[in-house]
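Peer 1: Next up, work_34.txt (compact mmCIF, C-alpha atoms).
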```txt
# COMPACT_ATOMS: atom_id res chain seq x y z
CA MET A 1 -7.18 -35.05 -182.33
CA GLU A 2 -4.19 -36.08 -180.20
CA LEU A 3 -2.51 -39.33 -181.18
CA GLU A 4 -3.02 -42.07 -178.63
CA LEU A 5 0.26 -43.51 -177.40
CA LYS A 6 0.19 -47.30 -177.12
CA LEU A 7 3.58 -48.93 -176.77
CA ASP A 8 4.28 -52.58 -177.16
CA TYR A 9 7.51 -54.31 -176.24
CA ASP A 10 8.99 -53.72 -179.70
CA PHE A 11 8.61 -49.94 -179.44
CA ASP A 12 9.76 -49.93 -175.82
CA GLN A 13 13.00 -51.67 -176.81
CA LYS A 14 13.54 -49.41 -179.83
CA ILE A 15 13.07 -46.33 -177.62
CA GLU A 16 15.47 -47.65 -174.99
CA ASN A 17 18.08 -48.47 -177.64
CA ALA A 18 17.76 -45.02 -179.25
CA ILE A 19 18.06 -43.16 -175.95
CA THR A 20 21.08 -45.24 -174.88
CA TRP A 21 22.79 -44.62 -178.23
CA ALA A 22 22.06 -40.87 -178.07
CA LYS A 23 23.34 -40.53 -174.49
CA GLU A 24 26.61 -42.18 -175.51
CA LEU A 25 27.21 -39.14 -177.74
CA LEU A 26 26.69 -36.52 -175.00
CA ASP A 27 29.06 -33.58 -175.52
CA SER A 28 29.97 -34.82 -179.02
CA GLN A 29 30.35 -32.18 -181.73
CA GLU A 30 29.83 -34.77 -184.45
CA TYR A 31 26.42 -33.40 -185.57
CA PRO A 32 26.76 -29.63 -186.14
CA LEU A 33 23.66 -28.29 -187.92
CA ARG A 34 22.46 -31.90 -188.31
CA CYS A 35 19.90 -32.31 -185.53
CA LEU A 36 17.58 -34.45 -187.67
CA ALA A 37 20.43 -36.78 -188.63
CA PHE A 38 21.27 -37.16 -184.92
CA VAL A 39 17.77 -38.20 -183.78
CA GLU A 40 17.25 -40.43 -186.83
CA ASP A 41 20.65 -42.08 -186.32
CA ALA A 42 19.72 -42.74 -182.70
CA TYR A 43 16.85 -44.96 -183.85
CA GLU A 44 18.39 -46.33 -187.04
CA ARG A 45 21.85 -47.28 -185.85
CA SER A 46 20.80 -48.62 -182.46
CA ASN A 47 18.00 -50.74 -183.87
CA GLY A 48 19.27 -51.84 -187.30
CA ILE A 49 16.47 -50.04 -189.14
CA GLU A 50 16.01 -47.36 -191.76
CA MET A 51 13.30 -44.73 -191.39
CA TRP A 52 11.94 -41.99 -193.64
CA GLY A 53 11.00 -38.47 -192.72
CA GLY A 54 11.45 -35.04 -194.22
CA SER A 55 14.68 -33.65 -195.57
CA ASP A 56 14.98 -31.29 -192.59
CA ALA A 57 13.40 -30.86 -189.15
CA ARG A 58 10.77 -28.38 -190.39
CA GLU A 59 9.63 -30.70 -193.15
CA SER A 60 9.54 -33.66 -190.76
CA ALA A 61 7.47 -31.67 -188.22
CA GLU A 62 4.90 -31.02 -190.95
CA LEU A 63 4.96 -34.60 -192.22
CA TYR A 64 4.46 -36.02 -188.71
CA GLU A 65 1.88 -33.35 -187.79
CA ALA A 66 3.81 -32.48 -184.63
CA HIS A 67 1.60 -29.44 -183.99
CA LYS A 68 -1.20 -31.81 -182.93
CA ASN A 69 0.76 -32.95 -179.84
CA THR A 70 1.76 -30.06 -177.60
CA GLY A 71 1.84 -31.54 -174.09
CA ASN A 72 4.80 -33.13 -172.33
CA PRO A 73 6.41 -35.49 -174.88
CA PRO A 74 6.75 -39.16 -173.91
CA ALA A 75 10.06 -41.02 -174.10
CA GLY A 76 11.13 -41.66 -177.66
CA ALA A 77 9.08 -38.89 -179.25
CA PHE A 78 10.65 -36.47 -181.71
CA VAL A 79 10.26 -32.95 -180.28
CA PHE A 80 10.10 -30.23 -182.93
CA TYR A 81 10.93 -26.53 -182.95
CA SER A 82 10.61 -23.75 -185.51
CA CYS A 83 13.78 -21.78 -186.34
CA SER A 84 15.64 -20.36 -189.30
CA GLY A 85 19.26 -19.86 -190.17
CA LEU A 86 22.06 -19.98 -192.67
CA VAL A 87 23.49 -23.37 -193.75
CA GLU A 88 26.12 -23.52 -196.50
CA GLY A 89 25.02 -20.13 -197.83
CA GLU A 90 21.29 -20.93 -197.81
CA LEU A 91 19.00 -18.99 -195.46
CA LYS A 92 15.97 -21.16 -194.77
CA HIS A 93 13.46 -22.27 -192.16
CA TRP A 94 15.19 -25.54 -191.22
CA GLY A 95 13.60 -26.19 -187.83
CA HIS A 96 15.16 -28.13 -184.97
CA VAL A 97 14.41 -31.54 -183.45
CA ALA A 98 15.27 -33.38 -180.24
CA LEU A 99 14.66 -36.87 -178.85
CA SER A 100 12.48 -36.93 -175.73
CA LEU A 101 13.87 -38.76 -172.72
CA GLY A 102 10.36 -38.89 -171.25
CA ASN A 103 10.98 -36.90 -168.07
CA GLY A 104 10.63 -33.43 -169.54
CA GLU A 105 14.17 -33.64 -170.88
CA ALA A 106 15.28 -34.00 -174.47
CA ILE A 107 18.63 -34.85 -176.03
CA HIS A 108 19.59 -32.97 -179.17
CA ALA A 109 22.46 -31.79 -181.35
CA TRP A 110 22.98 -28.06 -180.81
CA ASP A 111 26.50 -26.66 -180.46
CA LYS A 112 27.18 -30.16 -179.16
CA VAL A 113 24.98 -33.11 -178.21
CA ARG A 114 23.29 -32.02 -174.98
CA ILE A 115 20.31 -32.61 -172.71
CA ASP A 116 17.90 -29.78 -171.90
CA HIS A 117 14.32 -29.53 -170.68
CA TYR A 118 12.28 -29.60 -173.88
CA LEU A 119 10.85 -26.12 -173.22
CA GLU A 120 14.25 -24.66 -172.22
CA VAL A 121 15.53 -25.43 -175.73
CA CYS A 122 13.62 -22.27 -176.70
CA HIS A 123 15.94 -20.20 -174.50
CA LEU A 124 19.25 -21.48 -175.84
CA GLN A 125 21.65 -19.03 -177.46
CA ALA A 126 21.16 -19.37 -181.20
CA ALA A 127 24.14 -19.52 -183.52
CA PRO A 128 24.97 -16.27 -185.34
CA GLY A 129 22.41 -15.72 -188.10
CA TRP A 130 19.88 -18.10 -186.56
CA THR A 131 16.58 -17.43 -184.82
CA LYS A 132 15.83 -18.92 -181.41
CA PRO A 133 13.83 -22.15 -181.61
CA GLU A 134 10.11 -22.06 -180.82
CA PHE A 135 8.37 -25.24 -179.64
CA ILE A 136 5.95 -26.70 -182.22
CA GLY A 137 5.01 -30.06 -180.69
CA TRP A 138 6.04 -33.69 -180.84
CA ALA A 139 5.54 -36.84 -182.88
CA PRO A 140 5.17 -40.25 -181.18
CA VAL A 141 7.53 -43.09 -181.96
CA GLN A 142 4.80 -45.01 -183.80
CA ARG A 143 4.43 -42.15 -186.28
CA VAL A 144 8.16 -41.53 -186.65
CA LEU A 145 8.89 -45.21 -187.28
CA ALA A 146 5.94 -45.85 -189.62
CA GLY A 147 7.28 -47.64 -192.68
CA MET A 148 10.65 -48.48 -191.14
CA GLN A 149 12.65 -51.31 -192.66
CA LYS A 150 15.52 -53.43 -191.42
CA LYS A 151 18.97 -52.25 -192.46
CA GLN A 152 22.50 -53.28 -191.60
CA TRP A 153 24.58 -50.22 -190.69
CA ASP A 154 28.38 -50.26 -190.84
```
Reformat the file's structure so that it appears as structure tokens.
Peer 2:
Amino acid sequence: MELELKLDYDFDQKIENAITWAKELLDSQEYPLRCLAFVEDAYERSNGIEMWGGSDARESAELYEAHKNTGNPPAGAFVFYSCSGLVEGELKHWGHVALSLGNGEAIHAWDKVRIDHYLEVCHLQAAPGWTKPEFIGWAPVQRVLAGMQKKQWD
């Protein structure tokens, strides 16, 4: 069963804030190997909230049941990919995640923060020791922000 996407003003504003924040970091190398931190920070820091997901992109994809949504992701959705690689000496299936811009494009932290078509992410050159990402699906903003709480960020 696909999740129905119903946005109210509150979600619309949160999405807009997150996308604006993320685009301000285009070309930044501030998030190497931290794609989940990047997309979560986009929502959290731009909206004064705290959210909870998995400890990595793979775990979050499972938690949010991203595999149930495989069409074109709407703006604000978390777009998930399967991939593995070495981080601080640990070889693991970490996954990858991007923030959908709603027009087929997604912004994500790769070698730098960049915008790619969400399906073209699967064709990016993987870092040494990493597998290429494979599209899993996406999670809508309502699911990603379930249980969010207000938080003051420095």
Peer 1: Between A:Phe78, A:Tyr31, A:Phe135, A:Lys23, which one has atoms that come closest to Gly53 of chain A, using only C-alpha atoms?
Peer 2: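 Checking each candidate against Gly53 of chain A, we get A:Phe78 as the closest.
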Peer 1: Which residue out of A:Gly85, A:Pro73, A:Gly147, A:Pro140 has the minimum interatomic distance to Pro128 of chain A when all atoms listed in the file are used?
Peer 2: A:Gly85
Peer 1: Please, what is the axis-aligned box for every listed atom of segment 117-130 of chain A with 4 Å on each side, as centre and edge lengths in Å to one decimal, as AutoDock Vina command-line options?
Peer 2:
```
--center_x 17.9 --center_y -22.7 --center_z -179.4 --size_x 22.1 --size_y 21.9 --size_z 25.4
```
Peer 1: Please measure the separation of atom CA of Lys14 of chain A and atom CA of Asp56 of chain A, giving the value in Å to one decimal.
Peer 2: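 Computed distance, atom CA of Lys14 of chain A to atom CA of Asp56 of chain A, equals 22.2 Å.
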Peer 1: How far is it from atom CA of Glu44 of chain A to atom CA of Gly89 of chain A, in Å with one decimal?
Peer 2: 29.1 Å
Peer 1: So that I can check the surroundings of Tyr43 of chain A, please list as an MDAnalysis selection string every protein, DNA and RNA residue that reaches within 12 Å of it, counting only C-alpha atoms and ignoring chain neighbours fewer than 5 positions away.
Peer 2: chainID A and resid 11:22 36:38 48:52 76:78 99 141 144:145 148:151 153
Peer 1: Quick one: distance from atom CA of Ala106 of chain A to atom CA of Ser60 of chain A in Å, one decimal?
Peer 2: 17.3 Å
Peer 1: Applying 7 Å and only C-alpha atoms, which residues near Leu86 of chain A remain after dropping the ones on its own chain fewer than 3 positions away? List them as a short mmCIF file (atom, residue, chain, number, x, y, z; two decimals) with C-alpha atoms, keeping the file's coordinate frame.
Peer 2:
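This is the output file around.cif:
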```
data_model
loop_
_atom_site.label_atom_id
_atom_site.label_comp_id
_atom_site.auth_asym_id
_atom_site.auth_seq_id
_atom_site.Cartn_x
_atom_site.Cartn_y
_atom_site.Cartn_z
CA GLY A 89 25.02 -20.13 -197.83
CA GLU A 90 21.29 -20.93 -197.81
CA LEU A 91 19.00 -18.99 -195.46
CA LYS A 92 15.97 -21.16 -194.77
CA GLY A 129 22.41 -15.72 -188.10
CA TRP A 130 19.88 -18.10 -186.56
#
```
Peer 1: For Gly137 of chain A, work out the shell of residues within 7 Å, counting all atoms listed in the file and skipping chain neighbours fewer than 4 positions away, then give it as an NGL selection string.
Peer 2: :A and (66-70 or 79-80)
Peer 1: Excluding Pro133 of chain A and its own-chain neighbours fewer than 5 positions away, which residues fall within 12 Å of it when counting all atoms listed in the file? Please give them as a list in words.
Peer 2: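 Here the qualifying residues turn out to be Ala57, Arg58, Val79, Phe80, Tyr81, Ser82, Cys83, Ser84, Gly85, His93, Trp94, Gly95, His96, Val97, Ala98, Trp110, Tyr118, Leu119, Glu120, Val121, Cys122, His123, Leu124, Gln125, Ala126 and Ala127 of chain A.
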Peer 1: Just the selected residues (C-alpha atoms), exported as a PDB file, keeping the file's coordinate frame, please.
Peer 2:
```
ATOM      1  CA  ALA A  57      13.400 -30.860-189.150  1.00  0.00           C
ATOM      2  CA  ARG A  58      10.770 -28.380-190.390  1.00  0.00           C
ATOM      3  CA  VAL A  79      10.260 -32.950-180.280  1.00  0.00           C
ATOM      4  CA  PHE A  80      10.100 -30.230-182.930  1.00  0.00           C
ATOM      5  CA  TYR A  81      10.930 -26.530-182.950  1.00  0.00           C
ATOM      6  CA  SER A  82      10.610 -23.750-185.510  1.00  0.00           C
ATOM      7  CA  CYS A  83      13.780 -21.780-186.340  1.00  0.00           C
ATOM      8  CA  SER A  84      15.640 -20.360-189.300  1.00  0.00           C
ATOM      9  CA  GLY A  85      19.260 -19.860-190.170  1.00  0.00           C
ATOM     10  CA  HIS A  93      13.460 -22.270-192.160  1.00  0.00           C
ATOM     11  CA  TRP A  94      15.190 -25.540-191.220  1.00  0.00           C
ATOM     12  CA  GLY A  95      13.600 -26.190-187.830  1.00  0.00           C
ATOM     13  CA  HIS A  96      15.160 -28.130-184.970  1.00  0.00           C
ATOM     14  CA  VAL A  97      14.410 -31.540-183.450  1.00  0.00           C
ATOM     15  CA  ALA A  98      15.270 -33.380-180.240  1.00  0.00           C
ATOM     16  CA  TRP A 110      22.980 -28.060-180.810  1.00  0.00           C
ATOM     17  CA  TYR A 118      12.280 -29.600-173.880  1.00  0.00           C
ATOM     18  CA  LEU A 119      10.850 -26.120-173.220  1.00  0.00           C
ATOM     19  CA  GLU A 120      14.250 -24.660-172.220  1.00  0.00           C
ATOM     20  CA  VAL A 121      15.530 -25.430-175.730  1.00  0.00           C
ATOM     21  CA  CYS A 122      13.620 -22.270-176.700  1.00  0.00           C
ATOM     22  CA  HIS A 123      15.940 -20.200-174.500  1.00  0.00           C
ATOM     23  CA  LEU A 124      19.250 -21.480-175.840  1.00  0.00           C
ATOM     24  CA  GLN A 125      21.650 -19.030-177.460  1.00  0.00           C
ATOM     25  CA  ALA A 126      21.160 -19.370-181.200  1.00  0.00           C
ATOM     26  CA  ALA A 127      24.140 -19.520-183.520  1.00  0.00           C
TER      27      ALA A 127
END
```
Peer 1: Calculated over only C-alpha atoms, which of the candidates A:Glu24, A:Asp10, A:Glu134, A:Leu33 has the smallest distance to Asp111 of chain A?
Peer 2: A:Leu33
Peer 1: Pick the closest to Pro74 of chain A from A:Gly54, A:Asn103, A:Val87, A:Val113: which is it, counting all atoms listed in the file?
Peer 2: A:Asn103
